[in-house]
Each structure stands twice: as structure tokens, then as C-alpha cells.
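Below: protein_27.cif (mmCIF, C-alpha atoms)
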data_run
loop_
_atom_site.label_atom_id
_atom_site.label_comp_id
_atom_site.auth_asym_id
_atom_site.auth_seq_id
_atom_site.Cartn_x
_atom_site.Cartn_y
_atom_site.Cartn_z
CA MET R 20 -1.15 -47.26 -34.08
CA ALA R 21 -3.98 -45.19 -35.54
CA SER R 22 -3.86 -41.45 -35.02
CA GLU R 23 -6.42 -39.58 -32.94
CA ASP R 24 -8.03 -38.24 -36.13
CA ALA R 25 -8.35 -41.74 -37.55
CA ARG R 26 -9.95 -43.02 -34.35
CA TYR R 27 -12.43 -40.13 -34.31
CA ARG R 28 -13.47 -40.86 -37.90
CA GLU R 29 -14.52 -44.34 -36.77
CA THR R 30 -16.92 -43.03 -34.11
CA SER R 31 -20.67 -42.79 -34.60
CA GLN R 32 -20.45 -39.07 -33.84
CA PHE R 33 -18.48 -38.56 -37.05
CA GLU R 34 -20.02 -41.26 -39.24
CA ALA R 35 -23.70 -40.71 -38.38
CA TRP R 36 -23.98 -37.20 -36.95
CA SER R 37 -21.56 -34.98 -38.86
CA PHE R 38 -23.03 -32.88 -41.66
CA SER R 39 -22.26 -29.91 -43.84
CA PRO R 40 -24.51 -26.85 -43.39
CA ALA R 41 -26.33 -27.68 -46.62
CA GLN R 42 -26.92 -31.29 -45.56
CA LEU R 43 -28.21 -30.21 -42.15
CA ALA R 44 -30.64 -27.70 -43.67
CA ALA R 45 -31.89 -30.32 -46.14
CA MET R 46 -32.48 -32.84 -43.34
CA ARG R 47 -34.49 -30.34 -41.31
CA GLU R 48 -36.58 -29.41 -44.31
CA LYS R 49 -37.23 -33.08 -45.11
CA THR R 50 -38.23 -33.79 -41.50
CA ASN R 51 -40.63 -30.84 -41.56
CA VAL R 52 -42.23 -31.85 -44.86
CA LEU R 53 -42.72 -35.50 -43.81
CA ALA R 54 -44.18 -34.47 -40.46
CA ARG R 55 -46.67 -32.13 -42.10
CA GLN R 56 -47.81 -34.85 -44.48
CA ARG R 57 -48.23 -37.51 -41.81
CA ILE R 58 -49.91 -35.23 -39.26
CA ALA R 59 -52.31 -34.01 -41.94
CA GLU R 60 -53.23 -37.60 -42.80
CA ARG R 61 -53.87 -38.47 -39.15
CA MET R 62 -55.90 -35.31 -38.58
CA LEU R 63 -58.11 -36.02 -41.57
CA ALA R 64 -58.52 -39.64 -40.50
CA SER R 65 -59.52 -38.63 -36.97
CA ALA R 66 -61.91 -35.99 -38.32
CA SER R 67 -63.64 -38.54 -40.54
CA ASN R 68 -64.46 -40.63 -37.46
CA LEU R 69 -66.18 -37.73 -35.66
CA PRO R 70 -69.94 -37.07 -35.86
CA THR R 71 -70.76 -34.50 -38.53
CA SER R 72 -73.89 -32.96 -36.96
CA ASN R 73 -73.81 -29.23 -36.25
CA ASN R 74 -70.53 -28.88 -38.10
CA THR R 75 -71.58 -25.69 -39.84
CA SER R 76 -72.17 -23.90 -36.58
CA LYS R 77 -68.57 -24.57 -35.56
CA ALA R 78 -66.93 -23.63 -38.83
CA ASN R 79 -63.51 -21.98 -38.63
CA THR R 80 -63.56 -21.89 -34.81
CA PRO R 81 -60.48 -22.89 -32.83
CA ASP R 82 -60.35 -26.27 -31.15
CA PRO R 83 -60.55 -25.51 -27.42
CA SER R 84 -59.11 -28.87 -26.41
CA GLY R 85 -56.02 -28.35 -28.52
CA ASN R 86 -55.98 -32.03 -29.47
CA GLY R 87 -54.95 -31.40 -33.07
CA THR R 88 -58.35 -32.17 -34.61
CA PRO R 89 -59.05 -30.02 -37.71
CA ASN R 90 -62.12 -27.80 -37.76
CA PRO R 91 -64.72 -28.12 -40.51
CA ASN R 92 -65.22 -25.39 -43.08
CA GLU R 93 -68.52 -24.01 -44.29
CA ASN R 94 -69.09 -27.04 -46.51
CA GLY R 95 -68.50 -29.46 -43.64
CA ALA R 96 -65.07 -30.56 -44.92
CA PRO R 97 -62.24 -30.48 -42.35
CA THR R 98 -59.63 -27.76 -42.76
CA LEU R 99 -56.02 -28.31 -41.74
CA PRO R 100 -54.21 -25.91 -39.42
CA ASP R 101 -51.23 -23.78 -40.33
CA PHE R 102 -48.19 -26.01 -39.77
CA LEU R 103 -44.84 -24.87 -38.43
CA LYS R 104 -42.08 -24.07 -40.90
CA SER R 105 -38.60 -25.53 -40.49
CA GLU R 106 -37.31 -22.13 -39.30
CA GLU R 107 -39.99 -21.99 -36.62
CA GLU R 108 -39.15 -25.51 -35.53
CA ALA R 109 -35.47 -24.53 -35.22
CA LEU R 110 -36.46 -21.53 -33.07
CA LEU R 111 -38.49 -23.73 -30.73
CA VAL R 112 -35.69 -26.30 -30.51
CA SER R 113 -33.26 -23.55 -29.46
CA PHE R 114 -35.74 -22.32 -26.86
CA TYR R 115 -36.23 -25.78 -25.40
CA VAL R 116 -32.47 -26.41 -25.41
CA SER R 117 -32.12 -23.32 -23.21
CA GLU R 118 -34.81 -24.79 -20.97
CA LEU R 119 -32.89 -28.08 -20.86
CA LEU R 120 -29.73 -26.25 -19.78
CA ARG R 121 -31.68 -24.52 -17.02
CA ALA R 122 -33.06 -27.89 -15.92
CA ALA R 123 -29.52 -29.31 -15.87
CA ASP R 124 -28.42 -26.43 -13.64
CA HIS R 125 -31.35 -27.17 -11.36
CA LEU R 126 -30.33 -30.83 -11.11
CA GLY R 127 -26.67 -29.96 -10.60
CA VAL R 128 -25.45 -32.61 -13.05
CA PRO R 129 -21.80 -32.75 -14.26
CA ASP R 130 -20.72 -30.96 -17.42
CA GLU R 131 -20.58 -34.16 -19.48
CA VAL R 132 -24.15 -35.14 -18.54
CA ARG R 133 -25.39 -31.67 -19.36
CA ALA R 134 -23.71 -31.68 -22.77
CA THR R 135 -24.64 -35.29 -23.64
CA ALA R 136 -28.31 -34.73 -22.80
CA THR R 137 -28.37 -31.63 -24.99
CA VAL R 138 -26.76 -33.46 -27.90
CA PHE R 139 -29.30 -36.29 -27.54
CA PHE R 140 -32.14 -33.74 -27.56
CA ARG R 141 -30.86 -31.94 -30.66
CA ARG R 142 -30.23 -35.20 -32.52
CA PHE R 143 -33.73 -36.44 -31.72
CA PHE R 144 -35.42 -33.33 -33.11
CA LEU R 145 -33.23 -33.41 -36.19
CA THR R 146 -34.95 -36.55 -37.48
CA ASN R 147 -38.25 -36.04 -35.61
CA SER R 148 -40.44 -32.98 -35.88
CA ILE R 149 -41.25 -30.91 -32.84
CA MET R 150 -44.85 -31.14 -34.06
CA THR R 151 -44.80 -34.91 -33.53
CA TYR R 152 -43.44 -35.38 -30.00
CA PRO R 153 -43.73 -33.02 -26.98
CA PRO R 154 -40.40 -31.20 -26.47
CA GLN R 155 -41.17 -30.26 -22.87
CA GLU R 156 -41.43 -33.91 -21.86
CA MET R 157 -38.43 -34.94 -23.97
CA ILE R 158 -36.26 -32.56 -21.90
CA LEU R 159 -36.51 -34.80 -18.81
CA VAL R 160 -36.13 -37.91 -20.96
CA ALA R 161 -32.91 -36.52 -22.49
CA LEU R 162 -31.50 -35.67 -19.07
CA PHE R 163 -32.38 -39.14 -17.77
CA VAL R 164 -30.84 -40.98 -20.74
CA GLY R 165 -27.85 -38.62 -20.82
CA SER R 166 -27.14 -39.38 -17.17
CA LYS R 167 -27.12 -43.10 -17.84
CA ALA R 168 -24.95 -42.67 -20.94
CA GLU R 169 -22.32 -40.92 -18.81
CA GLY R 170 -22.30 -43.62 -16.14
CA ARG R 171 -24.74 -42.05 -13.69
CA PHE R 172 -27.90 -43.97 -12.87
CA PRO R 173 -30.42 -41.73 -11.12
CA ARG R 174 -33.76 -42.95 -9.86
CA ILE R 175 -36.82 -41.79 -11.75
CA ILE R 176 -38.52 -40.72 -8.54
CA GLU R 177 -35.64 -38.30 -7.92
CA PHE R 178 -36.30 -36.61 -11.26
CA GLN R 179 -39.99 -36.40 -10.54
CA GLN R 180 -39.41 -34.93 -7.11
CA LYS R 181 -36.85 -32.43 -8.36
CA PHE R 182 -39.23 -31.06 -10.99
CA ASN R 183 -42.44 -31.72 -9.06
CA THR R 184 -43.93 -33.72 -11.91
CA LYS R 185 -45.66 -37.07 -12.38
CA GLN R 186 -44.45 -37.44 -15.96
CA ASP R 187 -43.75 -41.00 -17.08
CA ILE R 188 -40.13 -40.53 -18.12
CA LEU R 189 -39.73 -44.11 -19.29
CA ALA R 190 -42.52 -43.59 -21.84
CA GLY R 191 -40.18 -41.57 -24.04
CA GLU R 192 -36.90 -43.35 -23.28
CA PHE R 193 -37.04 -45.83 -26.15
CA LEU R 194 -38.21 -43.10 -28.54
CA LEU R 195 -35.19 -40.97 -27.69
CA CYS R 196 -32.81 -43.89 -28.07
CA GLN R 197 -34.38 -44.83 -31.38
CA GLY R 198 -34.19 -41.22 -32.60
CA ASN R 199 -30.48 -41.18 -31.74
CA ARG R 200 -29.99 -44.47 -33.67
CA PHE R 201 -28.79 -45.99 -30.39
CA ASN R 202 -25.54 -44.00 -30.66
CA PHE R 203 -24.79 -43.21 -27.02
CA GLU R 204 -21.15 -42.16 -27.22
CA VAL R 205 -20.72 -38.39 -27.43
CA ARG R 206 -17.26 -36.81 -27.42
CA HIS R 207 -16.94 -33.38 -25.85
CA PRO R 208 -14.25 -30.65 -25.94
CA PHE R 209 -13.73 -30.42 -22.17
CA ARG R 210 -10.72 -32.74 -22.00
CA ALA R 211 -9.22 -31.05 -25.05
CA LEU R 212 -9.35 -27.76 -23.16
CA MET R 213 -7.50 -29.31 -20.21
CA GLY R 214 -4.80 -30.59 -22.57
CA ALA R 215 -4.46 -27.19 -24.22
CA MET R 216 -3.93 -25.53 -20.85
CA MET R 217 -1.24 -28.05 -19.95
CA GLU R 218 0.47 -27.35 -23.28
CA LEU R 219 0.38 -23.60 -22.72
CA ARG R 220 1.87 -23.98 -19.25
CA SER R 221 4.69 -26.08 -20.67
CA TYR R 222 5.91 -23.12 -22.76
CA GLY R 223 7.01 -21.35 -19.60
CA ASP R 224 6.73 -17.78 -20.92
CA ILE R 225 2.98 -17.18 -20.45
CA ASP R 226 1.58 -15.55 -17.33
CA GLU R 227 -0.31 -18.05 -15.17
CA GLN R 228 -3.15 -15.65 -14.44
CA ARG R 229 -3.73 -15.18 -18.14
CA ILE R 230 -3.99 -18.95 -18.62
CA ILE R 231 -6.39 -19.28 -15.69
CA ALA R 232 -8.62 -16.49 -17.00
CA ALA R 233 -8.65 -17.95 -20.53
CA GLU R 234 -9.47 -21.42 -19.25
CA LYS R 235 -12.35 -20.15 -17.12
CA ARG R 236 -13.87 -18.13 -19.94
CA ALA R 237 -13.39 -20.91 -22.52
CA HIS R 238 -15.02 -23.44 -20.20
CA GLU R 239 -17.95 -21.10 -19.68
CA ILE R 240 -18.35 -20.80 -23.45
CA LEU R 241 -18.17 -24.57 -23.95
CA LEU R 242 -21.02 -25.08 -21.48
CA PHE R 243 -23.38 -22.92 -23.52
CA SER R 244 -22.39 -21.81 -27.01
CA PRO R 245 -21.76 -25.17 -28.78
CA LEU R 246 -24.93 -26.61 -27.21
CA MET R 247 -27.10 -23.72 -28.40
CA THR R 248 -25.74 -23.93 -31.95
CA ASP R 249 -25.09 -26.66 -34.52
CA ALA R 250 -21.39 -26.88 -33.66
CA TYR R 251 -21.55 -30.57 -32.69
CA PHE R 252 -22.99 -31.38 -36.13
CA HIS R 253 -20.23 -29.55 -38.04
CA TYR R 254 -16.98 -29.62 -36.06
CA THR R 255 -14.79 -31.98 -34.06
CA PRO R 256 -14.37 -31.56 -30.29
CA SER R 257 -10.85 -30.17 -30.70
CA GLN R 258 -12.03 -27.61 -33.26
CA ILE R 259 -14.81 -26.51 -30.91
CA MET R 260 -12.28 -26.19 -28.10
CA PHE R 261 -9.94 -24.02 -30.20
CA ALA R 262 -12.86 -21.81 -31.24
CA ALA R 263 -13.92 -21.33 -27.62
CA LEU R 264 -10.33 -20.58 -26.59
CA SER R 265 -10.05 -18.11 -29.44
CA LEU R 266 -13.13 -16.30 -28.12
CA ALA R 267 -11.61 -16.28 -24.65
CA ASP R 268 -8.07 -15.30 -25.68
CA ARG R 269 -7.26 -15.22 -29.38
CA GLY R 270 -3.53 -14.81 -28.75
CA LEU R 271 -3.25 -18.03 -26.75
CA ALA R 272 -5.22 -19.98 -29.36
CA GLU R 273 -3.00 -18.71 -32.18
CA ARG R 274 0.11 -19.47 -30.15
CA LEU R 275 -0.97 -23.07 -29.75
CA ILE R 276 -1.67 -23.43 -33.45
CA GLN R 277 1.61 -21.79 -34.46
CA GLU R 278 3.57 -24.07 -32.14
CA THR R 279 1.76 -27.16 -33.44
CA PHE R 280 1.74 -26.43 -37.17
CA HIS R 281 5.18 -24.92 -37.59
CA PHE R 282 7.11 -25.22 -40.83
CA VAL R 283 10.70 -26.43 -40.65
CA PRO R 284 12.75 -24.94 -43.52
CA PRO R 285 14.47 -27.53 -45.69
CA THR R 286 18.14 -28.24 -44.98
CA THR R 287 20.79 -30.16 -46.93
CA ASN R 288 23.43 -32.66 -46.00
CA ASN R 289 27.14 -32.24 -46.83
CA ASP R 290 26.48 -33.87 -50.21
CA ASN R 291 23.74 -31.31 -51.03
CA THR R 292 20.95 -33.95 -50.74
CA PRO R 293 17.76 -33.06 -48.87
CA ALA R 294 17.98 -33.93 -45.22
CA GLN R 295 15.50 -36.36 -43.71
CA THR R 296 14.70 -35.45 -40.15
CA PRO R 297 12.42 -37.41 -37.85
CA LEU R 298 9.02 -35.93 -37.10
CA PRO R 299 8.82 -35.03 -33.41
CA GLY R 300 7.13 -37.88 -31.57
CA SER R 301 7.03 -40.12 -34.63
CA GLU R 302 9.77 -42.45 -33.42
CA ASN R 303 7.27 -44.29 -31.21
CA SER R 304 4.14 -43.77 -33.26
CA GLY R 305 4.89 -46.19 -36.07
CA LEU R 306 5.04 -43.52 -38.81
CA ALA R 307 7.18 -44.54 -41.73
CA ARG R 308 7.98 -43.19 -45.15
CA LYS R 309 5.87 -44.41 -48.03
CA ASP R 310 8.98 -45.18 -50.09
CA GLY R 311 10.18 -47.77 -47.59
CA GLY R 312 12.47 -45.53 -45.56
CA GLY R 313 13.29 -46.07 -41.93
CA LYS R 314 10.69 -45.72 -39.25
CA GLY R 315 10.23 -42.08 -38.21
CA GLN R 316 12.23 -40.76 -41.16
CA MET R 317 10.21 -38.32 -43.28
CA THR R 318 11.14 -35.91 -46.01
CA ASN R 319 10.64 -32.18 -45.59
CA ASP R 320 7.76 -32.27 -48.07
CA GLU R 321 6.03 -34.89 -45.95
CA ARG R 322 6.64 -32.85 -42.82
CA ALA R 323 5.23 -29.76 -44.51
CA ALA R 324 2.09 -31.69 -45.45
CA ILE R 325 1.50 -32.48 -41.77
CA ILE R 326 2.74 -29.44 -39.85
CA GLY R 327 3.36 -26.90 -42.59
CA THR R 328 1.75 -23.57 -43.35
CA GLY R 329 -0.76 -25.09 -45.78
CA ILE R 330 -2.45 -27.32 -43.23
CA ARG R 331 -2.12 -24.59 -40.60
CA ASP R 332 -4.06 -22.12 -42.74
CA LYS R 333 -6.75 -24.75 -43.37
CA VAL R 334 -7.11 -25.45 -39.65
CA MET R 335 -7.23 -21.73 -38.89
CA GLY R 336 -10.01 -21.26 -41.43
CA THR R 337 -12.09 -24.04 -39.88
CA ILE R 338 -11.57 -22.70 -36.37
CA GLU R 339 -12.51 -19.20 -37.46
CA ALA R 340 -15.77 -20.50 -38.97
CA CYS R 341 -16.56 -22.34 -35.75
CA ARG R 342 -15.66 -19.23 -33.76
CA THR R 343 -18.16 -17.20 -35.77
CA MET R 344 -20.89 -19.75 -35.06
CA LEU R 345 -20.19 -19.79 -31.32
CA SER R 346 -20.10 -16.00 -31.16
CA ASN R 347 -23.79 -15.95 -32.11
CA GLU R 348 -24.70 -17.64 -28.82
CA LEU R 349 -22.29 -16.45 -26.15
CA PRO R 350 -23.11 -17.17 -22.48
CA GLU R 351 -24.40 -13.62 -22.12
CA ARG R 352 -27.31 -14.70 -24.32
CA LYS R 353 -28.80 -16.73 -21.49
CA SER R 354 -30.82 -13.69 -20.47
CA HIS R 355 -32.15 -13.45 -24.02
CA TRP R 356 -33.91 -16.84 -23.81
CA THR R 357 -35.33 -16.09 -20.35
CA SER R 358 -36.50 -12.59 -21.23
CA GLU R 359 -40.25 -12.10 -20.85
CA SER R 360 -40.39 -9.68 -23.76
CA ILE R 361 -38.60 -12.14 -26.08
CA PHE R 362 -40.89 -14.93 -24.95
CA LYS R 363 -44.02 -12.91 -25.67
CA SER R 364 -42.87 -11.57 -29.03
CA GLN R 365 -41.08 -14.62 -30.51
CA ILE R 366 -41.76 -17.83 -28.60
CA ARG R 367 -45.38 -17.60 -27.50
CA PRO R 368 -46.85 -17.07 -31.00
CA VAL R 369 -44.99 -20.14 -32.33
CA ARG R 370 -45.99 -22.26 -29.33
CA LYS R 371 -49.60 -21.21 -29.80
CA LYS R 372 -49.33 -22.27 -33.43
CA LEU R 373 -47.83 -25.59 -32.30
CA THR R 374 -50.84 -26.42 -30.11
CA LYS R 375 -53.04 -26.44 -33.21
CA CYS R 376 -50.82 -28.54 -35.49
CA ARG R 377 -49.33 -31.15 -33.19
CA ASP R 378 -49.70 -34.84 -33.92
CA PRO R 379 -52.95 -36.17 -32.42
CA ASP R 380 -51.64 -39.75 -32.17
CA ARG R 381 -48.09 -39.26 -30.86
CA TRP R 382 -48.20 -36.24 -28.58
CA ASN R 383 -49.21 -38.23 -25.50
CA LEU R 384 -46.16 -40.40 -24.82
CA SER R 385 -47.78 -42.54 -22.13
CA GLU R 386 -50.77 -43.34 -24.33
CA LEU R 387 -48.46 -44.00 -27.28
CA GLN R 388 -46.43 -46.45 -25.20
CA ARG R 389 -49.62 -48.23 -24.06
CA GLN R 390 -50.89 -48.57 -27.62
CA ARG R 391 -47.60 -49.99 -28.84
CA ARG R 392 -47.55 -52.52 -26.03
CA GLU R 393 -51.06 -53.65 -26.96
CA GLN R 394 -50.01 -53.91 -30.60
CA GLY R 395 -47.08 -56.10 -29.56
CA LEU R 396 -49.35 -58.37 -27.51
CA ARG R 397 -51.83 -58.66 -30.38
CA ARG R 398 -49.01 -59.49 -32.77
CA ASP R 399 -47.74 -62.24 -30.43
CA ASP R 400 -51.26 -63.68 -30.11
CA SER R 401 -51.76 -63.68 -33.87
CA GLU R 402 -48.44 -65.46 -34.37
CA GLU R 403 -49.41 -68.13 -31.82
CA ARG R 404 -52.82 -68.61 -33.46
CA ALA R 405 -51.18 -68.91 -36.87
CA ALA R 406 -48.78 -71.55 -35.54
CA ALA R 407 -51.64 -73.48 -33.92
CA SER R 408 -53.69 -73.27 -37.11
CA LYS R 409 -50.79 -74.61 -39.14
CA GLY R 410 -50.41 -77.51 -36.72
CA SER R 411 -54.08 -78.45 -36.94
CA LYS R 412 -54.00 -78.38 -40.75
CA ASP R 413 -50.95 -80.66 -40.76
CA ALA R 414 -52.69 -83.02 -38.33
CA ALA R 415 -55.75 -83.24 -40.55
CA LEU R 416 -53.56 -84.03 -43.54
CA PHE R 417 -51.10 -86.50 -41.99
CA GLY R 418 -53.13 -87.71 -39.02
CA GLY R 419 -52.38 -87.40 -35.34
CA ASP R 420 -51.76 -84.38 -33.14
CA LEU R 421 -48.83 -82.40 -34.61
CA ALA R 422 -49.23 -79.42 -32.30
CA ALA R 423 -46.60 -78.44 -29.75
CA GLY R 424 -46.14 -81.15 -27.14
CA ALA R 425 -47.72 -83.90 -29.26
CA PRO R 426 -44.50 -86.00 -29.59
CA GLU R 427 -44.09 -86.04 -25.82
CA LYS R 428 -47.76 -87.03 -25.35
CA LYS R 429 -47.41 -89.89 -27.85
CA ARG R 430 -44.26 -91.14 -26.17
CA ARG R 431 -45.97 -91.32 -22.78
CA LYS R 432 -48.83 -93.39 -24.26
CA VAL R 433 -46.45 -95.82 -25.98
CA ASP R 434 -44.40 -96.32 -22.83
CA GLY R 435 -47.59 -97.25 -20.92
CA ASN R 436 -48.70 -99.83 -23.49
CA GLY R 437 -51.39 -97.52 -24.66
CA GLN R 438 -52.64 -96.79 -21.13
CA GLU R 439 -51.63 -93.36 -19.82
CA ASP R 440 -50.98 -93.45 -16.07
CA PRO R 441 -53.10 -90.69 -14.44
CA PHE R 442 -50.41 -90.28 -11.76
CA GLY R 443 -47.51 -89.97 -14.20
CA GLY R 444 -44.58 -92.27 -14.83
CA PRO R 445 -42.36 -93.89 -12.20
CA LEU R 446 -40.19 -91.53 -10.15
#
Step by step, read the file and then write its structure as C-alpha cells.
Amino acid sequence: MASEDARYRETSQFEAWSFSPAQLAAMREKTNVLARQRIAERMLASASNLPTSNNTSKANTPDPSGNGTPNPNENGAPTLPDFLKSEEEALLVSFYVSELLRAADHLGVPDEVRATATVFFRRFFLTNSIMTYPPQEMILVALFVGSKAEGRFPRIIEFQQKFNTKQDILAGEFLLCQGNRFNFEVRHPFRALMGAMMELRSYGDIDEQRIIAAEKRAHEILLFSPLMTDAYFHYTPSQIMFAALSLADRGLAERLIQETFHFVPPTTNNDNTPAQTPLPGSENSGLARKDGGGKGQMTNDERAAIIGTGIRDKVMGTIEACRTMLSNELPERKSHWTSESIFKSQIRPVRKKLTKCRDPDRWNLSELQRQRREQGLRRDDSEERAAASKGSKDAALFGGDLAAGAPEKKRRKVDGNGQEDPFGGPL
């Protein structure tokens, strides 16, 4: 039977959405650069289709409609706006994630729905620029898709009534799914925390109130800190859980790790040969020695490689790095993202900049969906016309009607001795 680690490495969360810090930064920079190039091309194309009269009188003036159309310069040539940098995009994504968490609280959704929707939102804006699609509308789309991914199927009208909006949520549903590569399974650290608490209680020498307090604080951290940071892109659910528990009660987290990754000193048999002792729990797990030994029998070196001090120090280092990341966005930081002074000094200037450089063709999700439907219909019509044209050319070459239905028509004429019955064949 495969271990839990082996099963996790086969999930889409690990294979498609786990990155090193350098890889994640490179992806965000690439997304930003591509978005700037494509939006600039669309802006210039839309500006070339506008009338050029009286352009000089409007030179270097802001676009009051905010539709992303560049303004002409003194020579009549369109000038592009100042695009967002990748750091500014990351700031806006964090702000809108905090808004998503507030919306989840307003809806009263379960913890898994809240976390899954946030992960979907962050994944989407990892490969799509915030200058391309409207983040405010994608919040409700992420909550709607996240609810369905976790087995809850709310009605769209309920979302619209809750938020007093007429937004077409379905207009962005396929976009979100496509941006997430249709990977809907997200593993969270909540169950790992429950298992850790059960393990701590099994020791029997830890005060119950201490365990309860640590569990409450760790759960509070898990509902905010990993979602506001890149923890889901860098660490496994169990590592995130240990980091949150370490922030809540470092002693309990270290106790769990020490009990799990303990080193058993080597012993010898009566003939001074190294003893081979079974790994706890390995008798039923199918673990066997590589040299062909009995099932569950492992040498001390093999045991040390699994539960020794070397692997323990490596795990501790990873958890400490995750702990540092989570400590940057503790639950007390909720007030930071809702502060009016922070909004005015940091968020509003970037949002104002966004209104001038957003994609003119993709910002309106409902219009984008309508255009793509029309493109699909036109493509189907062109394919049908091409098939009909091919049939007519074949008929001209070989004679007869080779279009669809022609064999059936010929058969009816032959059966009627060349005379087609206007009332059809016999019943």
C-alpha cells in the first residue's frame, strides 16, 4: 500500500500547483509581462478604430469612461497607460483575497468551502493578470465554484440576493475552471489538525485545557494565514498544520515531531550482530527490506533514515520556514486590510491605476461570454457550409446528390419504381 506521502505526490495539488519561491516569482512576472503586451496590442487596435478628429484637444487627458482606451499624444498617436507591476498585482490579489474571506463570512460557508474558494482565486490570478479579468466579480465566481467543488450546490439567486447584486456569476465560471486547469481537488490542513490533537491526547501527560487552547488558536490561524500567503503553493497540508500549531503552541508542535521522528539507538544480538527490529506499524503496511528480508524487518540504518534525527531536522527546518511565512499574516492582520487609512494610502492608488490599464476586451465577463458564444455559432455554421460545399463539388464530379440524406432519398425513389409516393411508403 502506498504511503500518505506517495498518494499526495500523485495529486494535482502537488503536480500542478506546487512551486519553489523562485518558480512562483518567475510565473507571476511572466504573467504580468504577457498581460501588458496583449493589453497594449488590444488598446492600440481599439484606438486605431476610433475617429481621429479633435484628437489634439484631448491630448494627455484621462479617459473618463475608464474603458482602457489609450489617449492620443500631441502628434495624434495613442499613448499607453502605466501598467501595473507584478508587485502591485500581488498587493491587489492579497486585498481581494481578504475581501473574499469577508464575503465567505457573510455567506456563512463551511471552512473547506472558504479555503477552496480562496485557493481557486489565487490559482486563477497566478496564470491570469488582474489587469485582464475583474477581481471583484471573480470573488463571487470563486465562492460559487468552491461551494460546488466541496459538495454544496447553492442557487445563483441566493448569491445574488445575499450580496444584492445582479452579476452574471455563470459568465466567469468556465474562465475560473479553465484558469485552474480543471483541478478541483484541494487538500486542506483541517483534518491534519484534528489528528494531531488526537495524538496529543493519547500521550496522557498533557493538560486538556492546553490542548483545547492550542487547537482553537491553530484553527483560527489556518482560516486566515495560509490563505493570505503563498503557503498552499509551497507546503503540504501537514506542514501547514504543524506551522500553525507551532504558532499556537510551539512546545506541543515540537513534542509531536519528537515523538514521531525519534531515533532508536542501535542494539546487538547475543552474537554481536546488529539487531533488526520491526518499524512500529510496518507489520501491516507492506514495508519490507530491500535486501529481501522479512516483511516489517528493517535495519537500524533504515529506521534512522525514516524516523531518525536527520529527517527530523529537515522536517523542522521546513516547518520553521512555513511558520515564518504564516507569521506575516496572522489573524490579527484582518484589521489591516479593512483599515481606511491603509486603503487610502496603499490600495486606492493601485486600483486607480488599474482602471486605466485594464483589458478593454475581457473586463466585461458577460459581454466576453456573449462574444465567445457567437464565435462558436459562427464556427459551427462555417463548418456546415464547408461540408455542404464539399458535397456539391463531389456531386458535380461524380454525378448525383452526395449531400447528407441523398442515399436515403435515392432508396425511396428506387423502391417506388422511380415514382416517389407523396404520402410516404406503406405503414
For Ala44 in chain R, which residue out of R:Glu108, R:Glu386, R:Glu218, R:Glu239 is the nearest one, using all atoms listed in the file?
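Closest to Ala44 in chain R, using all atoms listed in the file: R:Glu108.
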Taking all atoms listed in the file into account, which of R:Phe102, R:Phe139, R:Phe182, R:Phe144 comes nearest Arg47 in chain R?
R:Phe144
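Using all atoms listed in the file, the shortest contact distance between Ser166 in chain R and any of R:Arg377, R:Arg210, R:Arg133, R:Arg141 is found at R:Arg133.
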Do you know which residues the PyMOL selection byres ((chain R and resi 376) around 7) returns on this file, as number ranges by chain?
R: 87, 100-102, 150, 372-375, 377-378
Prev. selection, C-alpha atoms, output as a compact mmCIF listing (two decimals), in the coordinates of the input:
# COMPACT_ATOMS: atom_id res chain seq x y z
CA GLY R 87 -54.95 -31.40 -33.07
CA PRO R 100 -54.21 -25.91 -39.42
CA ASP R 101 -51.23 -23.78 -40.33
CA PHE R 102 -48.19 -26.01 -39.77
CA MET R 150 -44.85 -31.14 -34.06
CA LYS R 372 -49.33 -22.27 -33.43
CA LEU R 373 -47.83 -25.59 -32.30
CA THR R 374 -50.84 -26.42 -30.11
CA LYS R 375 -53.04 -26.44 -33.21
CA ARG R 377 -49.33 -31.15 -33.19
CA ASP R 378 -49.70 -34.84 -33.92
Pick from R:Arg220, R:Phe178, R:Arg236, R:Leu246: nearest to His207 in chain R, with all atoms listed in the file counted?
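For His207 in chain R, the nearest of the candidates is R:Leu246.
Residues lying within 12 Å of Glu23 in chain R, counting all atoms listed in the file and ignoring same-chain neighbours fewer than 3 positions away, are Met20, Arg26, Tyr27, Arg28, Glu29, Thr30, Ala211, Thr255, Pro256, Ser257 and Ser304 of chain R.
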Please supply range 189-193 of chain R, rebuilt with all heavy atoms, as a PDB file, in the frame of the given file.
ATOM      1  N   LEU R 189     -40.069 -42.924 -18.504  1.00  0.00           N
ATOM      2  CA  LEU R 189     -39.730 -44.110 -19.290  1.00  0.00           C
ATOM      3  C   LEU R 189     -40.556 -44.220 -20.565  1.00  0.00           C
ATOM      4  O   LEU R 189     -40.172 -44.945 -21.491  1.00  0.00           O
ATOM      5  CB  LEU R 189     -39.942 -45.367 -18.436  1.00  0.00           C
ATOM      6  CG  LEU R 189     -38.986 -45.546 -17.250  1.00  0.00           C
ATOM      7  CD1 LEU R 189     -39.300 -46.829 -16.524  1.00  0.00           C
ATOM      8  CD2 LEU R 189     -37.538 -45.533 -17.703  1.00  0.00           C
ATOM      9  N   ALA R 190     -41.676 -43.511 -20.642  1.00  0.00           N
ATOM     10  CA  ALA R 190     -42.520 -43.590 -21.840  1.00  0.00           C
ATOM     11  C   ALA R 190     -41.799 -43.061 -23.070  1.00  0.00           C
ATOM     12  O   ALA R 190     -42.074 -43.490 -24.190  1.00  0.00           O
ATOM     13  CB  ALA R 190     -43.817 -42.826 -21.621  1.00  0.00           C
ATOM     14  N   GLY R 191     -40.891 -42.127 -22.891  1.00  0.00           N
ATOM     15  CA  GLY R 191     -40.180 -41.570 -24.040  1.00  0.00           C
ATOM     16  C   GLY R 191     -38.747 -42.033 -24.159  1.00  0.00           C
ATOM     17  O   GLY R 191     -38.019 -41.584 -25.064  1.00  0.00           O
ATOM     18  N   GLU R 192     -38.302 -42.935 -23.271  1.00  0.00           N
ATOM     19  CA  GLU R 192     -36.900 -43.350 -23.280  1.00  0.00           C
ATOM     20  C   GLU R 192     -36.539 -44.090 -24.564  1.00  0.00           C
ATOM     21  O   GLU R 192     -35.536 -43.780 -25.215  1.00  0.00           O
ATOM     22  CB  GLU R 192     -36.608 -44.218 -22.057  1.00  0.00           C
ATOM     23  CG  GLU R 192     -35.141 -44.609 -21.935  1.00  0.00           C
ATOM     24  CD  GLU R 192     -34.873 -45.429 -20.697  1.00  0.00           C
ATOM     25  OE1 GLU R 192     -35.815 -46.066 -20.180  1.00  0.00           O
ATOM     26  OE2 GLU R 192     -33.721 -45.445 -20.238  1.00  0.00           O
ATOM     27  N   PHE R 193     -37.359 -45.075 -24.940  1.00  0.00           N
ATOM     28  CA  PHE R 193     -37.040 -45.830 -26.150  1.00  0.00           C
ATOM     29  C   PHE R 193     -37.133 -44.949 -27.387  1.00  0.00           C
ATOM     30  O   PHE R 193     -36.338 -45.095 -28.321  1.00  0.00           O
ATOM     31  CB  PHE R 193     -37.988 -47.029 -26.288  1.00  0.00           C
ATOM     32  CG  PHE R 193     -37.692 -47.884 -27.490  1.00  0.00           C
ATOM     33  CD1 PHE R 193     -36.646 -48.781 -27.474  1.00  0.00           C
ATOM     34  CD2 PHE R 193     -38.461 -47.774 -28.643  1.00  0.00           C
ATOM     35  CE1 PHE R 193     -36.365 -49.566 -28.582  1.00  0.00           C
ATOM     36  CE2 PHE R 193     -38.189 -48.551 -29.755  1.00  0.00           C
ATOM     37  CZ  PHE R 193     -37.136 -49.453 -29.723  1.00  0.00           C
TER      38      PHE R 193
END
